[in-house]
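As provided, work-v4.txt (compact mmCIF, C-alpha atoms and all ligand atoms) reads as follows.
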```txt
# COMPACT_ATOMS: atom_id res chain seq x y z
CA MET B 1 -12.46 13.61 -11.97
CA ASN B 2 -15.23 16.02 -12.95
CA HIS B 3 -17.24 16.93 -9.87
CA SER B 4 -19.82 19.08 -11.62
CA HIS B 5 -22.18 16.23 -12.58
CA HIS B 6 -24.33 14.57 -9.95
CA HIS B 7 -25.81 11.63 -11.83
CA PHE B 8 -26.04 9.56 -8.68
CA ASP B 9 -27.87 12.03 -6.43
CA GLY B 10 -29.98 10.15 -3.92
CA GLN B 11 -28.78 6.70 -5.05
CA ARG B 12 -27.29 4.22 -2.60
CA LEU B 13 -24.67 1.81 -3.96
CA LEU B 14 -22.44 -0.85 -2.43
CA VAL B 15 -18.78 -1.17 -3.42
CA SER B 16 -16.88 -4.27 -2.34
CA GLY B 17 -13.12 -3.95 -2.12
CA ALA B 18 -13.51 -0.27 -1.26
CA SER B 19 -10.50 -0.34 1.08
CA SER B 20 -7.88 -0.13 -1.65
CA GLY B 21 -6.93 0.19 -5.29
CA ILE B 22 -9.64 0.23 -7.93
CA GLY B 23 -12.55 -0.24 -5.50
CA ARG B 24 -11.43 2.71 -3.38
CA GLU B 25 -11.20 4.93 -6.48
CA ILE B 26 -14.67 3.85 -7.68
CA ALA B 27 -16.18 4.51 -4.25
CA ILE B 28 -14.61 7.98 -4.14
CA ALA B 29 -15.84 8.79 -7.67
CA LEU B 30 -19.39 7.64 -6.85
CA VAL B 31 -19.59 9.77 -3.71
CA GLN B 32 -18.14 12.76 -5.56
CA HIS B 33 -20.92 12.33 -8.13
CA GLY B 34 -23.64 12.43 -5.53
CA ALA B 35 -24.07 8.80 -4.45
CA GLU B 36 -24.32 7.39 -0.96
CA VAL B 37 -21.90 4.48 -0.80
CA ILE B 38 -21.58 1.41 1.42
CA LEU B 39 -17.87 0.63 1.64
CA VAL B 40 -17.20 -3.09 2.10
CA GLY B 41 -13.88 -4.68 3.05
CA ARG B 42 -12.08 -6.34 5.95
CA ARG B 43 -9.72 -3.53 6.98
CA GLN B 44 -11.45 -0.83 9.02
CA ALA B 45 -8.64 1.76 8.95
CA GLN B 46 -8.39 1.56 5.15
CA LEU B 47 -12.17 1.86 4.76
CA GLU B 48 -12.09 4.93 7.02
CA GLU B 49 -9.35 6.39 4.83
CA THR B 50 -11.53 5.82 1.72
CA ALA B 51 -14.42 7.57 3.49
CA ARG B 52 -12.14 10.51 4.32
CA LEU B 53 -10.83 10.71 0.74
CA THR B 54 -14.36 11.08 -0.65
CA GLY B 55 -14.57 14.49 1.03
CA ALA B 56 -18.16 13.64 2.05
CA ALA B 57 -17.80 10.93 4.70
CA GLU B 58 -21.39 11.60 5.81
CA ARG B 59 -22.52 9.88 2.58
CA THR B 60 -20.49 6.73 3.28
CA HIS B 61 -21.25 3.69 5.45
CA LEU B 62 -18.51 1.28 6.51
CA GLN B 63 -19.27 -2.41 6.45
CA ILE B 64 -16.50 -4.67 7.72
CA LEU B 65 -17.14 -8.04 6.10
CA ASP B 66 -14.95 -10.98 5.15
CA LEU B 67 -16.49 -11.91 1.81
CA SER B 68 -14.85 -15.34 1.86
CA ASP B 69 -17.46 -16.15 4.51
CA LEU B 70 -20.11 -16.59 1.81
CA ASP B 71 -22.98 -17.50 4.15
CA ARG B 72 -22.74 -14.17 5.97
CA ILE B 73 -23.15 -11.99 2.89
CA VAL B 74 -26.93 -12.10 2.33
CA PRO B 75 -27.89 -11.70 6.03
CA THR B 76 -25.40 -8.84 6.51
CA ILE B 77 -26.57 -6.89 3.45
CA THR B 78 -30.25 -7.53 4.19
CA GLU B 79 -29.80 -6.18 7.71
CA LEU B 80 -27.87 -3.18 6.37
CA ALA B 81 -30.62 -2.38 3.86
CA SER B 82 -33.31 -2.61 6.53
CA ARG B 83 -31.34 -0.01 8.50
CA LEU B 84 -30.22 2.33 5.67
CA GLY B 85 -32.94 1.85 3.05
CA ARG B 86 -32.98 0.42 -0.44
CA ILE B 87 -29.80 -0.20 -2.45
CA TYR B 88 -29.77 0.83 -6.10
CA GLY B 89 -26.45 -0.61 -7.21
CA LEU B 90 -23.51 -2.88 -6.65
CA CYS B 91 -19.94 -2.79 -7.85
CA HIS B 92 -18.12 -6.02 -6.98
CA CYS B 93 -14.49 -5.01 -6.93
CA ALA B 94 -13.10 -7.21 -4.17
CA GLY B 95 -10.76 -9.75 -5.66
CA VAL B 96 -7.65 -11.81 -5.16
CA VAL B 97 -5.03 -13.11 -7.54
CA GLN B 98 -2.47 -15.80 -7.03
CA THR B 99 -0.03 -16.61 -9.79
CA LEU B 100 0.15 -20.39 -9.92
CA PRO B 101 1.46 -22.76 -12.58
CA LEU B 102 -0.81 -25.71 -13.36
CA SER B 103 1.25 -28.03 -11.13
CA ALA B 104 0.47 -25.77 -8.12
CA SER B 105 -3.17 -25.04 -9.05
CA LYS B 106 -4.59 -27.21 -6.28
CA PRO B 107 -8.33 -27.10 -5.54
CA ASP B 108 -8.02 -25.01 -2.36
CA ARG B 109 -5.94 -22.32 -4.06
CA VAL B 110 -8.14 -22.10 -7.15
CA ARG B 111 -11.29 -22.26 -5.01
CA ALA B 112 -10.12 -19.22 -3.01
CA MET B 113 -10.06 -17.12 -6.20
CA ILE B 114 -13.34 -18.46 -7.55
CA GLU B 115 -15.08 -17.97 -4.20
CA LEU B 116 -14.01 -14.37 -3.67
CA ASN B 117 -13.87 -13.07 -7.27
CA PHE B 118 -17.05 -14.81 -8.43
CA MET B 119 -19.16 -16.43 -5.68
CA ALA B 120 -18.94 -13.48 -3.27
CA GLY B 121 -20.12 -11.20 -6.08
CA LEU B 122 -22.98 -13.58 -6.76
CA GLU B 123 -24.02 -13.48 -3.09
CA LEU B 124 -23.82 -9.67 -3.10
CA ALA B 125 -25.97 -9.60 -6.25
CA ARG B 126 -28.44 -11.99 -4.61
CA ALA B 127 -28.58 -9.76 -1.56
CA ILE B 128 -29.13 -6.44 -3.31
CA THR B 129 -31.70 -7.78 -5.80
CA ARG B 130 -34.06 -9.01 -3.07
CA ARG B 131 -37.43 -7.36 -3.57
CA ASP B 132 -37.22 -5.68 -0.18
CA VAL B 133 -33.74 -4.29 -0.95
CA LEU B 134 -33.67 -3.14 -4.60
CA PRO B 135 -35.87 -0.16 -5.60
CA GLU B 136 -38.91 -1.23 -7.65
CA THR B 137 -37.71 1.09 -10.44
CA GLY B 138 -34.59 -1.02 -11.04
CA GLY B 139 -30.88 -1.01 -10.41
CA SER B 140 -27.38 -1.52 -11.72
CA ILE B 141 -24.77 -4.20 -11.09
CA LEU B 142 -21.17 -3.90 -12.23
CA TRP B 143 -18.60 -6.67 -11.93
CA ILE B 144 -14.94 -5.77 -12.05
CA SER B 145 -13.60 -8.54 -14.24
CA SER B 146 -10.23 -8.47 -16.01
CA VAL B 147 -8.58 -8.73 -19.40
CA TYR B 148 -7.87 -12.27 -18.17
CA ALA B 149 -11.54 -13.05 -18.77
CA HIS B 150 -10.73 -12.54 -22.46
CA VAL B 151 -7.14 -13.70 -22.96
CA GLY B 152 -4.89 -16.18 -21.20
CA ALA B 153 -1.54 -15.87 -19.46
CA PRO B 154 0.81 -18.47 -18.03
CA GLY B 155 0.31 -18.92 -14.29
CA GLN B 156 -3.22 -17.45 -14.38
CA ILE B 157 -5.33 -20.57 -14.93
CA GLY B 158 -7.37 -20.19 -11.73
CA TYR B 159 -7.61 -16.41 -11.93
CA CYS B 160 -8.68 -16.54 -15.61
CA ALA B 161 -11.34 -19.11 -14.70
CA SER B 162 -12.68 -16.90 -11.89
CA LYS B 163 -12.97 -13.89 -14.22
CA GLY B 164 -14.39 -15.97 -17.08
CA ALA B 165 -17.10 -17.16 -14.71
CA ILE B 166 -18.00 -13.53 -14.00
CA GLY B 167 -18.47 -12.76 -17.70
CA ALA B 168 -20.61 -15.80 -18.39
CA ALA B 169 -22.76 -15.33 -15.28
CA ALA B 170 -23.23 -11.60 -15.96
CA ARG B 171 -24.75 -12.32 -19.38
CA ALA B 172 -27.26 -14.76 -17.88
CA MET B 173 -27.98 -12.41 -14.98
CA ALA B 174 -28.54 -9.50 -17.38
CA LEU B 175 -31.25 -11.50 -19.18
CA GLU B 176 -32.87 -12.73 -15.99
CA LEU B 177 -33.05 -9.28 -14.41
CA ALA B 178 -33.95 -7.21 -17.49
CA GLY B 179 -37.66 -7.47 -16.66
CA ARG B 180 -36.96 -5.70 -13.37
CA HIS B 181 -34.86 -3.00 -15.11
CA VAL B 182 -31.69 -4.18 -13.44
CA ARG B 183 -28.70 -3.74 -15.72
CA VAL B 184 -25.77 -6.12 -15.28
CA ASN B 185 -22.40 -5.32 -16.84
CA CYS B 186 -18.69 -6.13 -16.58
CA LEU B 187 -15.61 -4.01 -16.79
CA SER B 188 -12.35 -5.65 -17.75
CA PRO B 189 -9.24 -3.69 -16.80
CA GLY B 190 -5.71 -4.29 -18.01
CA MET B 191 -2.77 -3.78 -15.69
CA VAL B 192 -3.26 -1.08 -13.03
CA ARG B 193 -0.68 -0.57 -10.30
CA THR B 194 -2.41 -1.29 -6.96
CA GLU B 195 -1.71 -3.42 -3.90
CA MET B 196 -2.75 -6.40 -6.03
CA THR B 197 0.01 -5.85 -8.56
CA ASP B 198 2.70 -4.97 -6.01
CA ALA B 199 5.47 -7.50 -5.92
CA SER B 200 4.37 -8.59 -2.44
CA GLY B 201 0.75 -9.12 -3.46
CA SER B 202 1.15 -11.00 -6.71
CA ARG B 203 4.73 -12.22 -6.28
CA MET B 204 5.63 -10.44 -9.50
CA SER B 205 9.21 -9.32 -10.05
CA GLN B 206 9.98 -5.85 -11.46
CA GLU B 207 11.07 -7.62 -14.64
CA GLN B 208 7.72 -9.42 -14.97
CA TRP B 209 5.86 -6.14 -14.32
CA ASP B 210 7.94 -4.36 -17.00
CA GLN B 211 7.24 -7.14 -19.50
CA ILE B 212 3.48 -6.94 -18.96
CA ALA B 213 3.56 -3.14 -18.97
CA ALA B 214 5.36 -3.18 -22.33
CA ARG B 215 2.44 -5.13 -23.82
CA HIS B 216 0.01 -2.24 -23.11
CA PRO B 217 0.14 0.01 -26.22
CA LEU B 218 -1.07 2.99 -24.15
CA GLY B 219 0.96 1.99 -21.09
CA THR B 220 -0.41 0.66 -17.81
CA GLY B 221 -3.47 2.25 -16.27
CA GLU B 222 -4.38 4.15 -13.13
CA ALA B 223 -7.25 3.23 -10.81
CA GLY B 224 -8.89 6.51 -11.92
CA ASP B 225 -9.05 5.25 -15.53
CA VAL B 226 -11.11 2.30 -14.33
CA ALA B 227 -13.22 4.46 -12.00
CA ARG B 228 -14.28 6.79 -14.83
CA ALA B 229 -15.44 3.79 -16.89
CA ALA B 230 -17.21 2.32 -13.85
CA LEU B 231 -19.18 5.54 -13.31
CA PHE B 232 -20.32 5.39 -16.93
CA MET B 233 -21.47 1.78 -16.63
CA LEU B 234 -23.27 2.30 -13.30
CA ASP B 235 -24.84 5.66 -14.27
CA PRO B 236 -28.64 5.47 -13.83
CA ALA B 237 -28.97 7.55 -17.04
CA ASN B 238 -27.43 4.69 -19.06
CA THR B 239 -30.69 2.81 -19.23
CA TRP B 240 -29.92 0.72 -22.35
CA ILE B 241 -26.53 -0.89 -21.62
CA THR B 242 -26.78 -4.38 -20.21
CA GLY B 243 -24.78 -7.60 -20.56
CA ALA B 244 -21.85 -5.58 -21.86
CA ASP B 245 -18.20 -6.08 -21.02
CA LEU B 246 -16.20 -2.88 -21.32
CA VAL B 247 -12.49 -3.53 -21.79
CA VAL B 248 -10.37 -0.74 -20.28
CA ASP B 249 -6.83 -1.83 -20.98
CA GLY B 250 -4.82 0.63 -23.05
CA GLY B 251 -5.04 -1.80 -25.97
CA TYR B 252 -3.63 -4.89 -24.21
CA ILE B 253 -5.99 -7.47 -25.73
CA LEU B 254 -5.77 -6.09 -29.29
CA GLN B 255 -2.57 -8.01 -30.04
N1 LIG H 301 -4.83 -4.13 -10.49
C1 LIG H 301 -4.98 -4.66 -11.67
O1 LIG H 301 -4.10 -4.59 -12.53
C2 LIG H 301 -6.27 -5.34 -12.05
C3 LIG H 301 -6.46 -5.69 -13.38
C4 LIG H 301 -7.63 -6.31 -13.75
C5 LIG H 301 -8.60 -6.57 -12.81
N2 LIG H 301 -8.38 -6.23 -11.51
C6 LIG H 301 -9.46 -6.53 -10.58
O2 LIG H 301 -9.85 -5.35 -9.91
C7 LIG H 301 -10.35 -5.66 -8.61
C8 LIG H 301 -9.64 -4.79 -7.59
O3 LIG H 301 -8.25 -5.04 -7.66
P1 LIG H 301 -7.16 -4.05 -7.07
O4 LIG H 301 -6.02 -4.07 -8.01
O5 LIG H 301 -7.78 -2.76 -6.69
O6 LIG H 301 -6.71 -4.91 -5.79
P2 LIG H 301 -6.37 -4.51 -4.29
O7 LIG H 301 -5.81 -3.14 -4.19
O8 LIG H 301 -5.56 -5.66 -3.79
O9 LIG H 301 -7.81 -4.55 -3.61
C9 LIG H 301 -8.49 -5.74 -3.39
C10 LIG H 301 -9.70 -5.43 -2.56
O10 LIG H 301 -10.38 -6.65 -2.30
C11 LIG H 301 -10.73 -6.70 -0.94
N3 LIG H 301 -10.75 -8.08 -0.45
C12 LIG H 301 -9.82 -9.04 -0.64
N4 LIG H 301 -10.16 -10.15 0.04
C13 LIG H 301 -11.33 -9.87 0.68
C14 LIG H 301 -12.19 -10.60 1.55
N5 LIG H 301 -11.91 -11.88 1.91
N6 LIG H 301 -13.30 -9.99 2.03
C15 LIG H 301 -13.59 -8.73 1.68
N7 LIG H 301 -12.82 -7.99 0.86
C16 LIG H 301 -11.71 -8.55 0.36
C17 LIG H 301 -9.62 -5.93 -0.23
O11 LIG H 301 -10.13 -5.41 0.99
P3 LIG H 301 -9.65 -5.89 2.46
O12 LIG H 301 -8.24 -6.32 2.37
O13 LIG H 301 -9.89 -4.69 3.31
O14 LIG H 301 -10.59 -7.00 2.80
C18 LIG H 301 -9.32 -4.81 -1.22
O15 LIG H 301 -10.16 -3.70 -0.98
C19 LIG H 301 -10.12 -7.16 -8.42
O16 LIG H 301 -11.31 -7.86 -8.70
C20 LIG H 301 -9.08 -7.48 -9.47
O17 LIG H 301 -9.14 -8.83 -9.88
C21 LIG H 301 -7.25 -5.62 -11.11
```
Target format structure tokens, applied to this file:
Amino acid sequence: MNHSHHHFDGQRLLVSGASSGIGREIAIALVQHGAEVILVGRRQAQLEETARLTGAAERTHLQILDLSDLDRIVPTITELASRLGRIYGLCHCAGVVQTLPLSASKPDRVRAMIELNFMAGLELARAITRRDVLPETGGSILWISSVYAHVGAPGQIGYCASKGAIGAAARAMALELAGRHVRVNCLSPGMVRTEMTDASGSRMSQEQWDQIAARHPLGTGEAGDVARAALFMLDPANTWITGADLVVDGGYILQ
């Protein structure tokens, strides 16, 4: 990561899912490029580790929050903003995946993915775009979606739906917020090895992992590959990119 540019100097951004994987890497990259970052997740020790890894923990704020408790999101973020000051940007990276065939895609299981991947992001967006929270000059919202918003896969019906909802909502949100100079974009990663893709997390066997990996022409990705793209999309200098969905997948969806 290039540390010589400080595009985010003086900007405060919130990263959900900052306690591991892609969200952690994005939070670190933002701080290293001058931002002040609110790290949101449920696990305190892991959030503290992210803060330490930024090398500038004084520009991080830890917010322990279970985002599945949707009603708590707006009050928590509003209170946080009244304490810290206005929030320029949001990267909704918290997410869950459960591989389920159609026969096992019961409402509660599918709802859990839609609520965290989509609805929690919506509540975070609602919170940071309040007129007493967002700077009058505008802001930037980035949703971490997935290649599964664009292509299907067996066992991913609920997950695909949750990511598809993100893409559709982001386009509408981009139009609604353009007048306030708030840009809204998505980033759709292919397979990146994180806690989510560990066998324990996704119940994927090594064989399944290898099969998916083989379908990435440039190989599987690293969280840093996604973080570099996220910095670009969130960058306050990128004033003309909105409603876009940047696929970062080593060529996965080309076939
Ligand atoms: N890895 C991939 O291959 C891949 C590919 C495409 C898209 N994505 C997307 O990228 C995003 C990050 O994935 P990842 O691979 O980095 O996964 P990860 O390492 O499992 O991280 C998931 C993050 O979500 C947070 N989270 C989960 N449930 C939460 C809850 N109820 N409340 C608050 N935070 C919660 C976790 O924090 P706590 O446990 O501390 O709460 C953790 O920081 C997800 O949206 C995922 O769908 C990943």
Provide an axis-aligned box for all listed atoms of ligand LIG 301 (chain H), padding each side by 3 Å; report its centre and its edge lengths in Å to one decimal, as AutoDock Vina command-line options.
```
--center_x -8.8 --center_y -7.3 --center_z -5.2 --size_x 15.5 --size_y 15.1 --size_z 23.1
```
- [ ] Please measure the separation of atom CA of B:Ser19 and atom CA of B:Glu36, giving the value in Å to one decimal.
- [x] 16.0 Å
Task: Protein and nucleic acid residues within 6 Å of ligand LIG 301 (chain H) (all atoms listed in the file) as a VMD selection string - done: chain B and resid 17 to 23 41 to 43 65 to 68 93 to 96 117 144 to 146 189 to 197
- [ ] Just give me the gap between atom CA of B:Pro107 and atom CA of B:Tyr159 in Å, one decimal is fine.
- [x] 12.5 Å
Counting only C-alpha atoms, what is within 12 Å of B:Leu177, bar same-chain residues fewer than 5 positions away, as a PDB file with C-alpha atoms, in the frame of the given file?
```pdb
ATOM      1  CA  ALA B 125     -25.970  -9.600  -6.250  1.00  0.00           C
ATOM      2  CA  ARG B 126     -28.440 -11.990  -4.610  1.00  0.00           C
ATOM      3  CA  THR B 129     -31.700  -7.780  -5.800  1.00  0.00           C
ATOM      4  CA  ARG B 130     -34.060  -9.010  -3.070  1.00  0.00           C
ATOM      5  CA  ARG B 131     -37.430  -7.360  -3.570  1.00  0.00           C
ATOM      6  CA  LEU B 134     -33.670  -3.140  -4.600  1.00  0.00           C
ATOM      7  CA  GLY B 138     -34.590  -1.020 -11.040  1.00  0.00           C
ATOM      8  CA  GLY B 139     -30.880  -1.010 -10.410  1.00  0.00           C
ATOM      9  CA  SER B 140     -27.380  -1.520 -11.720  1.00  0.00           C
ATOM     10  CA  ILE B 141     -24.770  -4.200 -11.090  1.00  0.00           C
ATOM     11  CA  ALA B 169     -22.760 -15.330 -15.280  1.00  0.00           C
ATOM     12  CA  ALA B 170     -23.230 -11.600 -15.960  1.00  0.00           C
ATOM     13  CA  ARG B 171     -24.750 -12.320 -19.380  1.00  0.00           C
ATOM     14  CA  ALA B 172     -27.260 -14.760 -17.880  1.00  0.00           C
ATOM     15  CA  VAL B 182     -31.690  -4.180 -13.440  1.00  0.00           C
ATOM     16  CA  ARG B 183     -28.700  -3.740 -15.720  1.00  0.00           C
ATOM     17  CA  VAL B 184     -25.770  -6.120 -15.280  1.00  0.00           C
ATOM     18  CA  ASN B 185     -22.400  -5.320 -16.840  1.00  0.00           C
ATOM     19  CA  THR B 242     -26.780  -4.380 -20.210  1.00  0.00           C
ATOM     20  CA  GLY B 243     -24.780  -7.600 -20.560  1.00  0.00           C
TER      21      GLY B 243
END
```
Just the residues within 10 Å of stretch 47-55 of chain B, please, counting all atoms listed in the file, with nothing from its chain fewer than 5 positions along; format it as an mmCIF file with C-alpha atoms, keeping the file's coordinate frame.
```cif
data_model
loop_
_atom_site.group_PDB
_atom_site.id
_atom_site.type_symbol
_atom_site.label_atom_id
_atom_site.label_comp_id
_atom_site.auth_asym_id
_atom_site.auth_seq_id
_atom_site.Cartn_x
_atom_site.Cartn_y
_atom_site.Cartn_z
ATOM 1 C CA GLY B 17 -13.120 -3.950 -2.120
ATOM 2 C CA ALA B 18 -13.510 -0.270 -1.260
ATOM 3 C CA SER B 19 -10.500 -0.340 1.080
ATOM 4 C CA SER B 20 -7.880 -0.130 -1.650
ATOM 5 C CA GLY B 23 -12.550 -0.240 -5.500
ATOM 6 C CA ARG B 24 -11.430 2.710 -3.380
ATOM 7 C CA GLU B 25 -11.200 4.930 -6.480
ATOM 8 C CA ALA B 27 -16.180 4.510 -4.250
ATOM 9 C CA ILE B 28 -14.610 7.980 -4.140
ATOM 10 C CA ALA B 29 -15.840 8.790 -7.670
ATOM 11 C CA LEU B 30 -19.390 7.640 -6.850
ATOM 12 C CA VAL B 31 -19.590 9.770 -3.710
ATOM 13 C CA GLN B 32 -18.140 12.760 -5.560
ATOM 14 C CA VAL B 37 -21.900 4.480 -0.800
ATOM 15 C CA ILE B 38 -21.580 1.410 1.420
ATOM 16 C CA LEU B 39 -17.870 0.630 1.640
ATOM 17 C CA VAL B 40 -17.200 -3.090 2.100
ATOM 18 C CA GLY B 41 -13.880 -4.680 3.050
ATOM 19 C CA ARG B 42 -12.080 -6.340 5.950
ATOM 20 C CA THR B 60 -20.490 6.730 3.280
ATOM 21 C CA HIS B 61 -21.250 3.690 5.450
ATOM 22 C CA LEU B 62 -18.510 1.280 6.510
ATOM 23 C CA GLN B 63 -19.270 -2.410 6.450
ATOM 24 C CA ILE B 64 -16.500 -4.670 7.720
#
```
Open item on the list: What does the structure give for the distance between atom CA of B:Leu175 and atom CA of B:Ile114, in Å to one decimal?
Closed with: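 Interatomic distance, atom CA of B:Leu175 to atom CA of B:Ile114: 22.5 Å.
Between B:Pro236 and the candidates B:Tyr88, B:Ile77, B:Glu136, B:Leu100, the tightest atom-to-atom separation, counting all atoms listed in the file, involves B:Tyr88.
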Task: Among listed residues B:Pro135, B:Pro75, B:Pro154, B:Gly121, nearest B:Arg180 (using only C-alpha atoms) - done: B:Pro135
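With all atoms listed in the file as the basis for measurement, B:Cys186 is the residue among B:His7, B:Cys186, B:Tyr148, B:Ala178 that approaches B:Ala244 most closely.
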- [ ] Up to 10 Å from (-9.1, -17.3, -6.2) in the file's coordinates: name the residues, counting all atoms listed in the file, as JSON, numbers by chain.
- [x] {"B": [95, 96, 97, 98, 99, 107, 108, 109, 110, 111, 112, 113, 114, 115, 116, 117, 118, 158, 159, 160, 161, 162, 163]}
Open item on the list: From the options B:Ala149, B:Leu102, B:Ile73, B:Ile253, which residue's atoms come nearest to B:Ile128, counting only C-alpha atoms?
Closed with: B:Ile73
Open item on the list: Considering all atoms listed in the file, can you say which of B:Glu176, B:Asp235, B:Asp69, B:Asp225 comes closest to B:Glu123?
Closed with: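 The closest residue to B:Glu123 is B:Asp69.
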Once you've located stretch 129-155 of chain B in the structure I gave, write it as a CSV table (one decimal), in the first residue's frame, keeping C-alpha atoms.
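Result file part-v2.csv:
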```csv
chain,number,residue,atom,x,y,z
B,129,THR,CA,-26.7,10.9,5.7
B,130,ARG,CA,-28.7,12.7,8.4
B,131,ARG,CA,-28.3,16.4,7.9
B,132,ASP,CA,-26.7,16.8,11.3
B,133,VAL,CA,-24.2,14.0,10.6
B,134,LEU,CA,-23.1,14.3,6.9
B,135,PRO,CA,-21.0,17.4,6.0
B,136,GLU,CA,-23.0,19.9,3.9
B,137,THR,CA,-20.3,19.5,1.1
B,138,GLY,CA,-21.3,15.9,0.5
B,139,GLY,CA,-20.0,12.4,1.2
B,140,SER,CA,-19.3,8.9,-0.1
B,141,ILE,CA,-20.9,5.6,0.5
B,142,LEU,CA,-19.4,2.3,-0.6
B,143,TRP,CA,-21.2,-1.1,-0.3
B,144,ILE,CA,-19.1,-4.2,-0.4
B,145,SER,CA,-21.2,-6.4,-2.6
B,146,SER,CA,-19.9,-9.6,-4.4
B,147,VAL,CA,-19.6,-11.2,-7.8
B,148,TYR,CA,-22.7,-13.1,-6.6
B,149,ALA,CA,-24.7,-9.9,-7.2
B,150,HIS,CA,-23.8,-10.5,-10.9
B,151,VAL,CA,-23.7,-14.3,-11.4
B,152,GLY,CA,-25.3,-17.2,-9.7
B,153,ALA,CA,-23.9,-20.3,-7.9
B,154,PRO,CA,-25.6,-23.3,-6.5
B,155,GLY,CA,-26.2,-23.0,-2.8
```
